[in-house]
$ cat structure-v7.cif   # mmCIF, C-alpha atoms
data_data
#
loop_
_atom_site.label_atom_id
_atom_site.label_comp_id
_atom_site.auth_asym_id
_atom_site.auth_seq_id
_atom_site.Cartn_x
_atom_site.Cartn_y
_atom_site.Cartn_z
CA MET A 1 39.79 52.37 95.62
CA SER A 2 37.98 51.11 98.66
CA ARG A 3 34.60 49.44 98.30
CA LYS A 4 33.51 50.85 101.65
CA ARG A 5 29.85 51.83 101.63
CA PHE A 6 29.00 55.34 102.77
CA ARG A 7 26.83 58.25 101.79
CA SER A 8 28.87 60.23 99.32
CA LEU A 9 28.57 63.98 98.97
CA THR A 10 28.85 63.63 95.22
CA PRO A 11 26.19 62.29 92.89
CA LEU A 12 28.24 59.08 92.64
CA THR A 13 27.06 57.53 95.56
CA GLY A 14 60.12 45.15 103.62
CA SER A 15 62.60 46.42 105.76
CA ALA A 16 63.34 45.44 109.35
CA LEU A 17 62.51 47.81 112.20
CA LEU A 18 63.71 46.73 115.64
CA ALA A 19 63.34 43.11 114.63
CA GLY A 20 59.87 43.91 113.38
CA THR A 21 58.30 44.24 109.99
CA VAL A 22 57.57 47.20 107.77
CA CYS A 23 54.66 47.02 105.39
CA LEU A 24 55.93 48.27 102.05
CA CYS A 25 53.22 48.19 99.39
CA LEU A 26 51.76 45.04 100.94
CA ALA A 27 49.06 44.26 103.48
CA SER A 28 49.29 40.63 104.42
CA GLY A 29 46.35 38.70 105.77
CA PRO A 30 44.70 35.30 105.59
CA ALA A 31 43.51 34.13 102.23
CA SER A 32 39.91 35.13 101.80
CA ALA A 33 37.21 32.64 101.00
CA ALA A 34 34.63 35.39 100.79
CA GLU A 35 32.52 35.62 97.70
CA ALA A 36 33.22 39.31 97.19
CA PRO A 37 36.66 40.45 96.00
CA PRO A 38 38.92 41.90 98.70
CA VAL A 39 38.69 45.56 99.62
CA VAL A 40 41.67 47.58 98.43
CA SER A 41 42.22 51.04 99.91
CA ARG A 42 44.93 53.16 98.29
CA GLY A 43 46.86 50.14 97.14
CA VAL A 44 46.55 48.24 100.43
CA THR A 45 44.52 45.04 100.49
CA ILE A 46 42.39 44.90 103.62
CA PRO A 47 42.41 41.38 105.14
CA ALA A 48 39.10 39.53 104.95
CA PHE A 49 39.01 39.48 108.75
CA TYR A 50 37.88 43.13 108.70
CA THR A 51 34.70 42.46 106.69
CA PRO A 52 31.78 42.15 109.15
CA PRO A 53 29.26 39.31 108.92
CA ALA A 54 25.64 39.92 108.04
CA GLU A 55 24.50 39.14 111.59
CA LEU A 56 26.02 40.30 114.87
CA PRO A 57 25.64 38.99 118.44
CA ALA A 58 23.10 40.68 120.68
CA ALA A 59 25.41 41.63 123.55
CA ASN A 60 27.63 44.69 123.40
CA GLY A 61 31.27 43.66 123.63
CA ALA A 62 30.57 40.12 122.42
CA LEU A 63 33.36 38.67 120.28
CA VAL A 64 32.45 38.12 116.66
CA ARG A 65 35.78 36.56 115.73
CA SER A 66 39.43 36.56 116.73
CA GLU A 67 42.77 35.35 115.39
CA PRO A 68 46.44 35.51 116.39
CA MET A 69 48.22 38.65 115.22
CA LYS A 70 51.95 39.26 114.99
CA LEU A 71 53.10 42.58 116.38
CA GLY A 72 55.30 44.43 113.93
CA LEU A 73 57.73 45.41 116.67
CA SER A 74 58.55 42.48 118.93
CA ILE A 75 61.42 40.29 120.01
CA PRO A 76 61.55 36.75 121.44
CA GLY A 77 61.90 36.63 125.20
CA LEU A 78 64.16 34.32 127.20
CA ASP A 79 61.16 32.18 128.12
CA GLY A 80 60.14 31.80 124.48
CA ARG A 81 57.24 34.25 124.69
CA ALA A 82 57.21 37.27 122.42
CA MET A 83 57.98 40.60 124.03
CA PRO A 84 56.26 42.89 124.85
CA GLY A 85 53.28 40.56 124.53
CA THR A 86 51.08 38.21 122.54
CA ALA A 87 48.54 39.91 120.27
CA THR A 88 45.09 38.78 119.18
CA ARG A 89 43.16 40.58 116.47
CA LEU A 90 39.49 40.82 117.30
CA MET A 91 36.12 41.89 116.02
CA TYR A 92 33.37 42.65 118.50
CA LYS A 93 29.86 44.02 118.59
CA SER A 94 29.06 47.56 119.67
CA THR A 95 26.17 50.01 119.31
CA ASP A 96 26.50 53.20 117.28
CA ALA A 97 25.11 56.66 118.00
CA SER A 98 21.84 55.85 116.25
CA GLY A 99 21.30 52.78 118.43
CA GLN A 100 22.15 50.30 115.68
CA PRO A 101 24.47 47.29 116.06
CA VAL A 102 27.92 47.74 114.55
CA ALA A 103 31.00 45.58 114.19
CA VAL A 104 34.26 47.06 115.49
CA THR A 105 37.75 45.64 115.20
CA GLY A 106 40.80 46.03 117.41
CA VAL A 107 43.61 44.12 119.08
CA TYR A 108 44.14 42.65 122.54
CA ILE A 109 47.71 42.23 123.83
CA GLU A 110 48.54 39.89 126.69
CA PRO A 111 51.74 41.28 128.24
CA SER A 112 54.88 39.24 128.77
CA ALA A 113 55.64 41.29 131.89
CA ALA A 114 54.18 40.09 135.19
CA TRP A 115 51.71 42.15 137.19
CA GLU A 116 53.51 42.59 140.49
CA GLN A 117 50.43 43.17 142.61
CA ALA A 118 48.07 40.96 144.61
CA SER A 119 45.10 42.21 142.58
CA PRO A 120 44.12 40.58 139.25
CA ARG A 121 45.96 41.78 136.15
CA PRO A 122 44.34 45.06 135.08
CA LEU A 123 43.33 46.20 131.61
CA VAL A 124 43.82 49.46 129.75
CA ALA A 125 41.44 50.18 126.89
CA LEU A 126 43.41 52.48 124.61
CA ALA A 127 41.92 54.86 122.07
CA SER A 128 44.39 55.85 119.39
CA GLY A 129 45.14 59.36 118.31
CA THR A 130 44.10 60.37 114.81
CA MET A 131 45.13 57.78 112.23
CA GLY A 132 42.93 58.76 109.27
CA GLN A 133 39.74 57.55 107.61
CA GLY A 134 40.95 54.84 105.23
CA ASP A 135 40.67 51.23 106.36
CA GLN A 136 44.43 50.79 105.97
CA CYS A 137 44.89 53.33 108.77
CA ALA A 138 43.28 51.16 111.47
CA PRO A 139 45.28 51.14 114.74
CA SER A 140 45.32 47.32 114.86
CA PHE A 141 46.72 47.24 111.35
CA ALA A 142 49.35 49.81 112.37
CA LEU A 143 50.48 47.66 115.29
CA GLU A 144 50.99 44.79 112.86
CA HIS A 145 52.62 47.00 110.21
CA PRO A 146 54.41 49.93 111.93
CA LEU A 147 54.93 51.61 108.59
CA THR A 148 52.56 51.26 105.66
CA LEU A 149 54.09 52.91 102.64
CA THR A 150 52.80 52.60 99.10
CA GLY A 151 52.71 55.04 96.25
CA ASP A 152 49.26 56.08 97.44
CA THR A 153 49.33 56.04 101.25
CA VAL A 154 51.55 56.67 104.27
CA SER A 155 50.60 55.41 107.73
CA VAL A 156 52.83 55.30 110.82
CA GLY A 157 51.94 53.30 113.92
CA TYR A 158 53.00 56.00 116.37
CA GLU A 159 50.69 54.76 119.12
CA ALA A 160 52.93 51.70 119.61
CA LEU A 161 55.04 53.70 122.07
CA SER A 162 52.20 54.24 124.53
CA VAL A 163 50.92 50.68 124.05
CA TYR A 164 54.33 49.14 124.75
CA ARG A 165 55.00 51.36 127.76
CA LEU A 166 51.71 50.24 129.28
CA LEU A 167 52.50 46.58 128.56
CA ALA A 168 55.85 47.00 130.33
CA THR A 169 53.98 47.70 133.57
CA GLY A 170 52.30 44.29 133.37
CA THR A 171 48.98 45.76 132.29
CA ALA A 172 47.04 44.10 129.48
CA VAL A 173 46.03 46.45 126.66
CA VAL A 174 43.12 46.39 124.24
CA VAL A 175 43.10 48.88 121.37
CA THR A 176 39.94 49.82 119.50
CA ASP A 177 39.90 50.62 115.79
CA TYR A 178 36.78 52.79 116.31
CA VAL A 179 33.58 52.49 114.31
CA GLY A 180 34.24 52.12 110.58
CA LEU A 181 38.04 52.26 110.72
CA GLY A 182 39.31 48.93 109.42
CA THR A 183 35.84 47.41 109.07
CA THR A 184 34.81 47.63 105.45
CA ASP A 185 31.05 48.15 105.76
CA ARG A 186 30.98 51.88 106.54
CA LEU A 187 33.03 55.05 106.74
CA HIS A 188 34.86 55.86 109.97
CA THR A 189 32.75 58.24 112.06
CA TYR A 190 35.70 60.40 113.07
CA VAL A 191 35.37 62.08 116.53
CA ASN A 192 31.75 60.98 116.95
CA ARG A 193 31.33 61.18 120.72
CA VAL A 194 28.98 58.22 121.22
CA ASP A 195 30.45 55.93 118.57
CA GLN A 196 33.98 56.18 119.91
CA GLY A 197 32.97 56.08 123.58
CA HIS A 198 30.92 52.93 123.02
CA ALA A 199 33.66 51.33 120.91
CA LEU A 200 36.23 51.86 123.66
CA LEU A 201 34.03 50.50 126.45
CA ASP A 202 33.00 47.50 124.36
CA ALA A 203 36.66 46.79 123.59
CA ALA A 204 37.19 46.42 127.34
CA ARG A 205 34.28 44.00 127.48
CA ALA A 206 35.54 42.02 124.48
CA ALA A 207 39.02 41.64 125.99
CA ARG A 208 37.65 39.37 128.72
CA SER A 209 36.55 36.79 126.13
CA VAL A 210 39.78 36.65 124.12
CA PRO A 211 41.23 33.12 124.19
CA GLY A 212 44.18 33.04 126.57
CA ALA A 213 43.46 36.45 128.12
CA SER A 214 44.26 36.75 131.83
CA VAL A 215 41.89 39.66 132.42
CA THR A 216 38.44 39.03 133.85
CA SER A 217 35.38 40.97 134.90
CA ALA A 218 37.20 41.60 138.20
CA SER A 219 40.17 43.31 136.53
CA ARG A 220 40.49 47.01 137.22
CA THR A 221 40.12 48.93 133.97
CA GLY A 222 41.69 52.17 132.81
CA LEU A 223 41.00 54.30 129.75
CA TYR A 224 43.82 56.00 127.88
CA GLY A 225 43.84 58.35 124.92
CA TYR A 226 45.39 61.48 123.43
CA SER A 227 43.88 63.82 120.80
CA GLN A 228 41.11 61.88 119.07
CA GLY A 229 41.82 59.20 121.66
CA GLY A 230 41.55 61.78 124.43
CA GLY A 231 38.07 62.62 123.22
CA ALA A 232 37.17 58.93 123.07
CA SER A 233 38.42 58.20 126.60
CA ALA A 234 36.67 61.31 127.95
CA SER A 235 33.42 60.32 126.27
CA ALA A 236 33.71 56.76 127.55
CA ALA A 237 34.23 58.03 131.11
CA GLU A 238 30.94 59.94 130.82
CA LEU A 239 29.05 57.07 129.19
CA GLN A 240 30.30 54.25 131.43
CA PRO A 241 27.67 54.56 134.21
CA SER A 242 24.75 54.21 131.80
CA TYR A 243 26.27 52.15 128.96
CA ALA A 244 28.84 49.86 130.60
CA PRO A 245 28.45 49.74 134.40
CA ASP A 246 29.96 46.24 134.27
CA VAL A 247 33.34 47.73 133.28
CA PRO A 248 35.12 48.44 136.61
CA LEU A 249 36.57 51.82 135.71
CA SER A 250 39.47 52.87 137.95
CA GLY A 251 40.83 55.87 136.05
CA THR A 252 40.84 57.75 132.77
CA TYR A 253 43.61 59.68 131.03
CA SER A 254 42.34 62.22 128.50
CA GLY A 255 45.12 64.08 126.73
CA ALA A 256 44.36 67.06 124.45
CA PRO A 257 40.68 66.07 124.14
CA PRO A 258 38.60 67.67 121.34
CA ALA A 259 35.68 68.24 123.71
CA ASP A 260 34.19 71.14 121.75
CA LEU A 261 34.15 70.33 118.03
CA THR A 262 33.13 73.85 117.04
CA ALA A 263 36.36 75.22 118.52
CA THR A 264 38.39 72.28 117.26
CA MET A 265 37.17 72.68 113.69
CA LYS A 266 38.41 76.26 113.76
CA GLY A 267 41.73 75.08 115.15
CA ILE A 268 42.43 72.52 112.44
CA ASP A 269 41.08 74.63 109.55
CA GLY A 270 44.10 75.86 107.61
CA SER A 271 46.53 73.88 109.78
CA GLY A 272 48.90 71.09 108.86
CA LEU A 273 46.12 68.67 109.83
CA ALA A 274 43.41 70.36 107.76
CA GLY A 275 42.54 66.98 106.26
CA ALA A 276 41.01 66.01 109.61
CA LEU A 277 38.31 68.59 108.95
CA ALA A 278 37.31 66.56 105.90
CA TRP A 279 37.17 63.38 108.01
CA SER A 280 34.85 64.95 110.55
CA ILE A 281 32.58 66.33 107.81
CA ASN A 282 32.49 62.96 106.07
CA GLY A 283 31.66 61.12 109.27
CA PHE A 284 28.91 63.42 110.46
CA SER A 285 27.45 63.77 106.98
CA GLN A 286 27.12 59.99 106.93
CA SER A 287 25.28 59.80 110.25
CA ASP A 288 23.41 63.10 110.65
CA PRO A 289 20.82 64.16 108.02
CA ASP A 290 20.71 67.81 109.18
CA LEU A 291 24.42 68.32 108.86
CA ARG A 292 24.56 66.36 105.62
CA ALA A 293 21.94 68.62 104.04
CA VAL A 294 23.89 71.76 104.95
CA VAL A 295 27.13 70.32 103.60
CA GLU A 296 25.59 69.20 100.32
CA LYS A 297 24.04 72.64 99.85
CA ASN A 298 27.22 74.60 100.48
CA ILE A 299 30.19 72.51 99.30
CA ASN A 300 31.52 73.26 95.81
CA ASP A 301 32.85 70.71 93.33
CA SER A 302 36.41 71.13 94.58
CA GLY A 303 35.24 70.48 98.13
CA LYS A 304 33.26 67.40 97.12
CA ALA A 305 36.32 65.98 95.38
CA ALA A 306 38.50 66.73 98.43
CA LEU A 307 36.05 65.08 100.84
CA LYS A 308 35.86 61.96 98.70
CA ASP A 309 39.62 61.84 98.32
CA ALA A 310 40.25 62.32 102.05
CA SER A 311 37.84 59.51 102.96
CA THR A 312 40.51 56.90 102.15
CA MET A 313 43.51 58.84 103.51
CA CYS A 314 45.75 58.27 106.52
CA VAL A 315 47.42 61.09 108.46
CA GLY A 316 50.51 61.04 106.26
CA ASP A 317 48.42 61.34 103.11
CA ALA A 318 46.42 64.21 104.56
CA LEU A 319 49.55 66.11 105.58
CA PHE A 320 50.93 65.88 102.06
CA GLY A 321 47.61 66.28 100.25
CA TYR A 322 45.70 68.90 102.26
CA GLY A 323 48.11 70.38 104.78
CA PHE A 324 47.34 74.08 105.46
CA THR A 325 44.27 74.05 103.18
CA LYS A 326 41.53 76.45 104.23
CA SER A 327 37.99 75.13 104.09
CA SER A 328 36.87 78.37 102.41
CA LYS A 329 38.29 76.86 99.21
CA TRP A 330 35.74 74.06 99.51
CA THR A 331 32.61 76.19 99.86
CA LYS A 332 30.47 77.87 97.22
CA ASP A 333 30.50 81.30 98.86
CA GLY A 334 34.03 81.24 100.28
CA ARG A 335 33.01 81.08 103.93
CA PRO A 336 34.81 78.67 106.28
CA ILE A 337 32.82 75.54 106.96
CA SER A 338 32.59 76.41 110.67
CA ASP A 339 30.86 79.70 109.78
CA ILE A 340 28.39 77.91 107.53
CA ILE A 341 27.50 75.41 110.24
CA ALA A 342 27.16 78.19 112.84
CA ALA A 343 24.64 79.97 110.59
CA GLU A 344 22.44 76.86 110.32
CA PRO A 345 20.74 76.11 113.66
CA ALA A 346 20.00 72.46 112.86
CA ALA A 347 23.58 71.79 111.78
CA GLN A 348 25.01 73.60 114.80
CA ALA A 349 22.70 71.63 117.06
CA ALA A 350 24.03 68.41 115.55
CA LEU A 351 27.57 69.50 116.35
CA ASP A 352 26.61 70.64 119.86
CA LYS A 353 25.39 67.10 120.61
CA GLN A 354 29.01 66.05 120.33
CA ARG A 355 30.08 68.27 123.24
CA ILE A 356 31.95 66.40 125.97
CA GLY A 357 31.69 67.77 129.49
CA THR A 358 27.92 67.75 129.96
CA SER A 359 28.01 64.76 132.33
CA LYS A 360 30.07 63.85 135.37
CA PRO A 361 32.78 61.32 134.48
CA ALA A 362 33.00 58.00 136.27
CA GLY A 363 36.01 57.59 138.52
CA PRO A 364 39.09 59.82 138.64
CA VAL A 365 40.23 61.49 135.43
CA ARG A 366 43.45 63.19 134.39
CA VAL A 367 43.11 65.91 131.75
CA ALA A 368 46.32 67.21 130.19
CA THR A 369 46.68 69.86 127.50
CA GLY A 370 49.54 71.93 126.12
CA VAL A 371 49.04 75.62 126.79
CA HIS A 372 50.05 76.48 123.21
CA ASP A 373 48.07 73.72 121.50
CA ASP A 374 46.35 75.42 118.59
CA ILE A 375 45.21 72.29 116.70
CA VAL A 376 43.04 70.88 119.48
CA PRO A 377 42.79 74.24 121.24
CA HIS A 378 44.01 74.44 124.80
CA ALA A 379 41.11 76.62 125.97
CA GLN A 380 38.39 74.12 125.09
CA ALA A 381 40.33 71.23 126.68
CA ARG A 382 40.75 73.28 129.86
CA GLN A 383 37.03 74.02 129.76
CA LEU A 384 36.34 70.29 129.84
CA ALA A 385 38.24 70.05 133.12
CA VAL A 386 36.30 73.06 134.46
CA ASP A 387 32.98 71.53 133.41
CA TRP A 388 33.80 68.24 135.09
CA CYS A 389 34.97 69.98 138.24
CA ARG A 390 31.70 71.88 138.45
CA LYS A 391 29.85 68.57 138.20
CA GLY A 392 31.76 67.14 141.14
CA GLY A 393 34.19 65.01 139.17
CA SER A 394 37.53 63.89 140.59
CA VAL A 395 39.77 65.76 138.16
CA THR A 396 43.54 66.07 137.96
CA TYR A 397 44.21 68.87 135.49
CA GLU A 398 47.67 69.37 133.99
CA ALA A 399 48.44 72.47 131.94
CA LEU A 400 51.60 71.50 130.06
CA ARG A 401 53.79 74.57 129.94
CA LEU A 402 56.02 74.26 126.90
CA PRO A 403 57.43 76.97 124.63
CA ASN A 404 55.49 77.94 121.53
CA LEU A 405 56.93 75.64 118.86
CA GLY A 406 55.19 77.12 115.82
CA ASP A 407 51.68 78.03 114.83
CA LYS A 408 49.45 75.52 113.03
CA ILE A 409 52.29 73.14 112.18
CA LEU A 410 51.28 70.39 114.66
CA THR A 411 54.31 70.73 116.94
CA ASN A 412 52.35 72.40 119.75
CA HIS A 413 49.92 69.49 119.62
CA LEU A 414 52.31 66.58 119.15
CA VAL A 415 55.15 67.45 121.55
CA PRO A 416 52.91 67.25 124.67
CA LEU A 417 51.90 63.76 123.53
CA ILE A 418 55.48 62.63 124.15
CA THR A 419 56.50 64.84 127.07
CA ASP A 420 53.45 63.94 129.17
CA GLN A 421 53.28 60.26 128.28
CA GLY A 422 55.41 58.97 131.16
CA ASP A 423 53.47 60.94 133.78
CA ALA A 424 50.16 59.91 132.23
CA ILE A 425 51.04 56.22 132.32
CA SER A 426 52.37 56.47 135.88
CA TRP A 427 49.18 58.21 137.02
CA LEU A 428 46.96 55.60 135.35
CA THR A 429 49.05 52.68 136.62
CA ASP A 430 48.65 53.98 140.18
CA ARG A 431 44.89 53.96 139.74
CA LEU A 432 45.06 50.37 138.48
CA LYS A 433 47.03 49.45 141.60
CA GLY A 434 44.21 50.86 143.70
CA LYS A 435 46.11 53.89 144.94
CA PRO A 436 43.85 56.86 145.77
CA THR A 437 44.20 60.22 144.09
CA GLY A 438 42.99 63.68 144.91
CA SER A 439 41.45 66.36 142.74
CA ASN A 440 43.10 69.68 141.99
CA CYS A 441 39.86 71.35 140.91
CA TRP A 442 40.43 73.95 143.61
CA THR A 443 43.49 75.24 141.73
CA MET A 444 41.69 75.72 138.41
CA PRO A 445 41.38 79.51 138.79
CA LEU A 446 45.16 79.68 139.14
CA GLN A 447 46.04 77.43 136.22
CA PRO A 448 46.42 78.52 132.57
#

$ encode --input "structure-v7.cif" --output "C-alpha cells"
Amino acid sequence: MSRKRFRSLTPLTGSALLAGTVCLCLASGPASAAEAPPVVSRGVTIPAFYTPPAELPAANGALVRSEPMKLGLSIPGLDGRAMPGTATRLMYKSTDASGQPVAVTGVYIEPSAAWEQASPRPLVALASGTMGQGDQCAPSFALEHPLTLTGDTVSVGYEALSVYRLLATGTAVVVTDYVGLGTTDRLHTYVNRVDQGHALLDAARAARSVPGASVTSASRTGLYGYSQGGGASASAAELQPSYAPDVPLSGTYSGAPPADLTATMKGIDGSGLAGALAWSINGFSQSDPDLRAVVEKNINDSGKAALKDASTMCVGDALFGYGFTKSSKWTKDGRPISDIIAAEPAAQAALDKQRIGTSKPAGPVRVATGVHDDIVPHAQARQLAVDWCRKGGSVTYEALRLPNLGDKILTNHLVPLITDQGDAISWLTDRLKGKPTGSNCWTMPLQP
C-alpha cells in the first residue's frame, strides 16, 4: 500500500516491446539513500526520485532535480543517438490551487529529429489523458515502462503515440505528471483546473533548464492534451496571461476537454470509467473543505472503501474493479453523487469554480470533440468552444463525426483520440512554425 499522505474519507486517516522494455511486477529506479522506506503502490516500488524534498525553490518552474531516463520504446539511431529522443526525468516547483508550493514530476525529451525551420526549436508541453490516481500511473513512469503489470495493477503508456509523433516533427516535448501523480507527498488532484493548468505551464518553464535541452525562452510553445489532458491544456491557455506570461504560447490543442465537471461527472457515472468519479471525489475532498464535508456526510461504508481503494488505482485497475458502477451504490440514501452535490450550494459552488471557459484563452486554440462522446460529454466540450468564441478567442472547433460505437463503454471517447491525432499534431505544428490560422467561430451555429 502506498504511504502517500492525504485526507482519507474513512476514520483511518520482462518482455520486449519494439526493442523497449515492459515493466512486469518491477519498477526499477536508483537505489534510495532516503531514511524512510520506499513507497510501494499496488506492488510497484516508486523510485526515490519521486519523493519531494522538504524545501522547494521560490520560482515556479524551477528545477528541483533531474536525471537521465530511458524511454521504454526506443531504438538506436545511425548517429548513435537514441530515437525518437533523449529523455530526462525531472522534478520542478509549481503552485497549487490554494497558492501553496508543490513539487511536480515529469519528463523532458530532446528529439533526435532536426527542426527544419529557421526559428529556434519549439516545445510542446503535453498533458496526458487519464492515467489514474496511484503513483505508479504517472505519465513519466509510463514512458519508461510502457506496460506495468503486477497482480495488483495494470497501467498502459498509451500517450507514447502522441509524444513520439510530436518528436518526429523535430519538436521537443515535456510531459507533466500533474500535481500528486508520481510524487509521494500527496494524492493526485484529478481534473483540478488550477493545479493541472499550473503544472503544465511550469513544465514548459522547467524544460528550459534541463541539462542539454535545446529549447530556450525564445522557443515557441504549444500545449497539447486530450480528455483530462484536454482540460489541462484548456485551463493552461486561460491561465497563461496571468500565471506564465513568460511562456511564449503559440497554440493549444484541447481534445475532449472536461470543461464542465458537473456534466462530466454525470457522463462517467455508471460508465466503463466510473472509477474516475472516485478519483475526482478523492482529489477535491483533499483540497476543498466544503466538498469534503458533503462527501463525508453522505458516503456509506461501501463508498468509503471504494474511494480508498481507487486512490491507488490506474485506469486498467479501475476498468476491472469499478467499471459500470453507479455512484448511487456509494451513498447513504441511494442518490447519485452528482445529485447530492447539486443539492448542497457550497459543494456545487466548489465544483463550479472548476469550470473552464470563463476566460479568454491566450493564442489560437483548437477544440475537438466526438459528437457521440458520452464519457466526456460532447455538449459541454462544444460549449467551451462557444464560450471562448463569445469572449473573442481565436477558436478552431472540430466536431468529429463518427458513428455511435456503443454507449458508456469508452469507445465513443477513445476512438476520436486516435482518429483526430494526426490533424491535431499538424495544426499545432503549423502554429509552432509561425503559420497563421483563422477562427471558425462564425460557423458554430451550423456545427453539431

$ closest_residue --input "structure-v7.cif" --among "A:Leu261, A:Ala274, A:Leu126, A:Ala350" --to "Thr221 (chain A)" --atoms "all atoms listed in the file"
A:Leu126

$ resolve_selection --input "structure-v7.cif" --expression "the PyMOL selection byres ((chain A and resi 102-113) around 7)" --output "ChimeraX atom specification"
/A:50,52,81,83-96,100-101,114-115,140,167-179,182-183,199,207,213

$ resolve_selection --input "structure-v7.cif" --expression "the PyMOL selection byres ((chain A and resi 275) around 10)" --output "MDAnalysis selection string"
chainID A and resid 132:133 268:274 276:280 306:307 309:311 313:327

$ resolve_selection --input "structure-v7.cif" --expression "the PyMOL selection byres ((chain A and resi 285) around 10)" --output "ChimeraX atom specification"
/A:6-9,189,279-284,286-296

$ residues_around --input "structure-v7.cif" --residues "Ala127 (chain A)" --least-positions-apart "3" --cutoff "12 Å" --atoms "all atoms listed in the file" --output "PyMOL selection string"
chain A and resi 106-107+124+130-131+138-140+159-160+162-163+173-179+191+196-204+222-236+252-255+257

$ residues_around --input "structure-v7.cif" --residues "Pro445 (chain A)" --least-positions-apart "5" --cutoff "12 Å" --atoms "all atoms listed in the file" --output "MDAnalysis selection string"
chainID A and resid 382:383 385:386 389 397 440

$ atom_distance --input "structure-v7.cif" --atom1 "CA of Leu239 (chain A)" --atom2 "CA of Leu384 (chain A)"
15.1 Å

$ atom_distance --input "structure-v7.cif" --atom1 "CA of Lys308 (chain A)" --atom2 "CA of Lys332 (chain A)"
16.9 Å

$ atom_distance --input "structure-v7.cif" --atom1 "CA of Pro258 (chain A)" --atom2 "CA of Lys433 (chain A)"
28.5 Å

$ closest_residue --input "structure-v7.cif" --among "A:Thr312, A:Thr184, A:Thr369, A:Gln354" --to "Gly134 (chain A)" --atoms "only C-alpha atoms"
A:Thr312

$ residues_near_point --input "structure-v7.cif" --point "(48.6, 32.4, 115.7)" --cutoff "12 Å" --atoms "all atoms listed in the file" --output "list in words"
Gly29, Pro30, Ser66, Glu67, Pro68, Met69, Lys70, Leu71, Ala82, Thr86, Ala87, Thr88, Arg89, Pro211 and Gly212 of chain A

$ residues_around --input "structure-v7.cif" --residues "Lys353 (chain A)" --least-positions-apart "4" --cutoff "10 Å" --atoms "only C-alpha atoms" --output "PyMOL selection string"
chain A and resi 192-194+260-261+348-349+358

$ write_last_selection --input "structure-v7.cif" --atoms "C-alpha atoms" --output "compact mmCIF listing (two decimals), keeping the file's coordinate frame"
# COMPACT_ATOMS: atom_id res chain seq x y z
CA ASN A 192 31.75 60.98 116.95
CA ARG A 193 31.33 61.18 120.72
CA VAL A 194 28.98 58.22 121.22
CA ASP A 260 34.19 71.14 121.75
CA LEU A 261 34.15 70.33 118.03
CA GLN A 348 25.01 73.60 114.80
CA ALA A 349 22.70 71.63 117.06
CA THR A 358 27.92 67.75 129.96

$ closest_residue --input "structure-v7.cif" --among "A:Leu351, A:Leu187, A:Val415, A:Ala36" --to "Arg401 (chain A)" --atoms "all atoms listed in the file"
A:Val415

$ closest_residue --input "structure-v7.cif" --among "A:Gly151, A:Thr262, A:Glu238, A:Ala218" --to "Ala347 (chain A)" --atoms "only C-alpha atoms"
A:Thr262

$ residues_around --input "structure-v7.cif" --residues "Pro146 (chain A)" --least-positions-apart "2" --cutoff "6 Å" --atoms "only C-alpha atoms" --output "ChimeraX atom specification"
/A:22,72,142-143,156-157

$ write_last_selection --input "structure-v7.cif" --atoms "C-alpha atoms" --output "PDB file, in the coordinates of the input"
ATOM      1  CA  VAL A  22      57.570  47.200 107.770  1.00  0.00           C
ATOM      2  CA  GLY A  72      55.300  44.430 113.930  1.00  0.00           C
ATOM      3  CA  ALA A 142      49.350  49.810 112.370  1.00  0.00           C
ATOM      4  CA  LEU A 143      50.480  47.660 115.290  1.00  0.00           C
ATOM      5  CA  VAL A 156      52.830  55.300 110.820  1.00  0.00           C
ATOM      6  CA  GLY A 157      51.940  53.300 113.920  1.00  0.00           C
TER       7      GLY A 157
END

$ residues_near_point --input "structure-v7.cif" --point "(32.3, 77.7, 104.1)" --cutoff "12 Å" --atoms "only C-alpha atoms" --output "JSON, numbers by chain"
{"A": [265, 266, 269, 277, 281, 294, 295, 296, 297, 298, 299, 300, 303, 326, 327, 328, 329, 330, 331, 332, 333, 334, 335, 336, 337, 338, 339, 340, 341, 342, 343, 344]}

$ write_last_selection --input "structure-v7.cif" --atoms "C-alpha atoms" --output "CSV table (one decimal), in the frame of the given file"
chain,number,residue,atom,x,y,z
A,265,MET,CA,37.2,72.7,113.7
A,266,LYS,CA,38.4,76.3,113.8
A,269,ASP,CA,41.1,74.6,109.6
A,277,LEU,CA,38.3,68.6,109.0
A,281,ILE,CA,32.6,66.3,107.8
A,294,VAL,CA,23.9,71.8,105.0
A,295,VAL,CA,27.1,70.3,103.6
A,296,GLU,CA,25.6,69.2,100.3
A,297,LYS,CA,24.0,72.6,99.8
A,298,ASN,CA,27.2,74.6,100.5
A,299,ILE,CA,30.2,72.5,99.3
A,300,ASN,CA,31.5,73.3,95.8
A,303,GLY,CA,35.2,70.5,98.1
A,326,LYS,CA,41.5,76.4,104.2
A,327,SER,CA,38.0,75.1,104.1
A,328,SER,CA,36.9,78.4,102.4
A,329,LYS,CA,38.3,76.9,99.2
A,330,TRP,CA,35.7,74.1,99.5
A,331,THR,CA,32.6,76.2,99.9
A,332,LYS,CA,30.5,77.9,97.2
A,333,ASP,CA,30.5,81.3,98.9
A,334,GLY,CA,34.0,81.2,100.3
A,335,ARG,CA,33.0,81.1,103.9
A,336,PRO,CA,34.8,78.7,106.3
A,337,ILE,CA,32.8,75.5,107.0
A,338,SER,CA,32.6,76.4,110.7
A,339,ASP,CA,30.9,79.7,109.8
A,340,ILE,CA,28.4,77.9,107.5
A,341,ILE,CA,27.5,75.4,110.2
A,342,ALA,CA,27.2,78.2,112.8
A,343,ALA,CA,24.6,80.0,110.6
A,344,GLU,CA,22.4,76.9,110.3
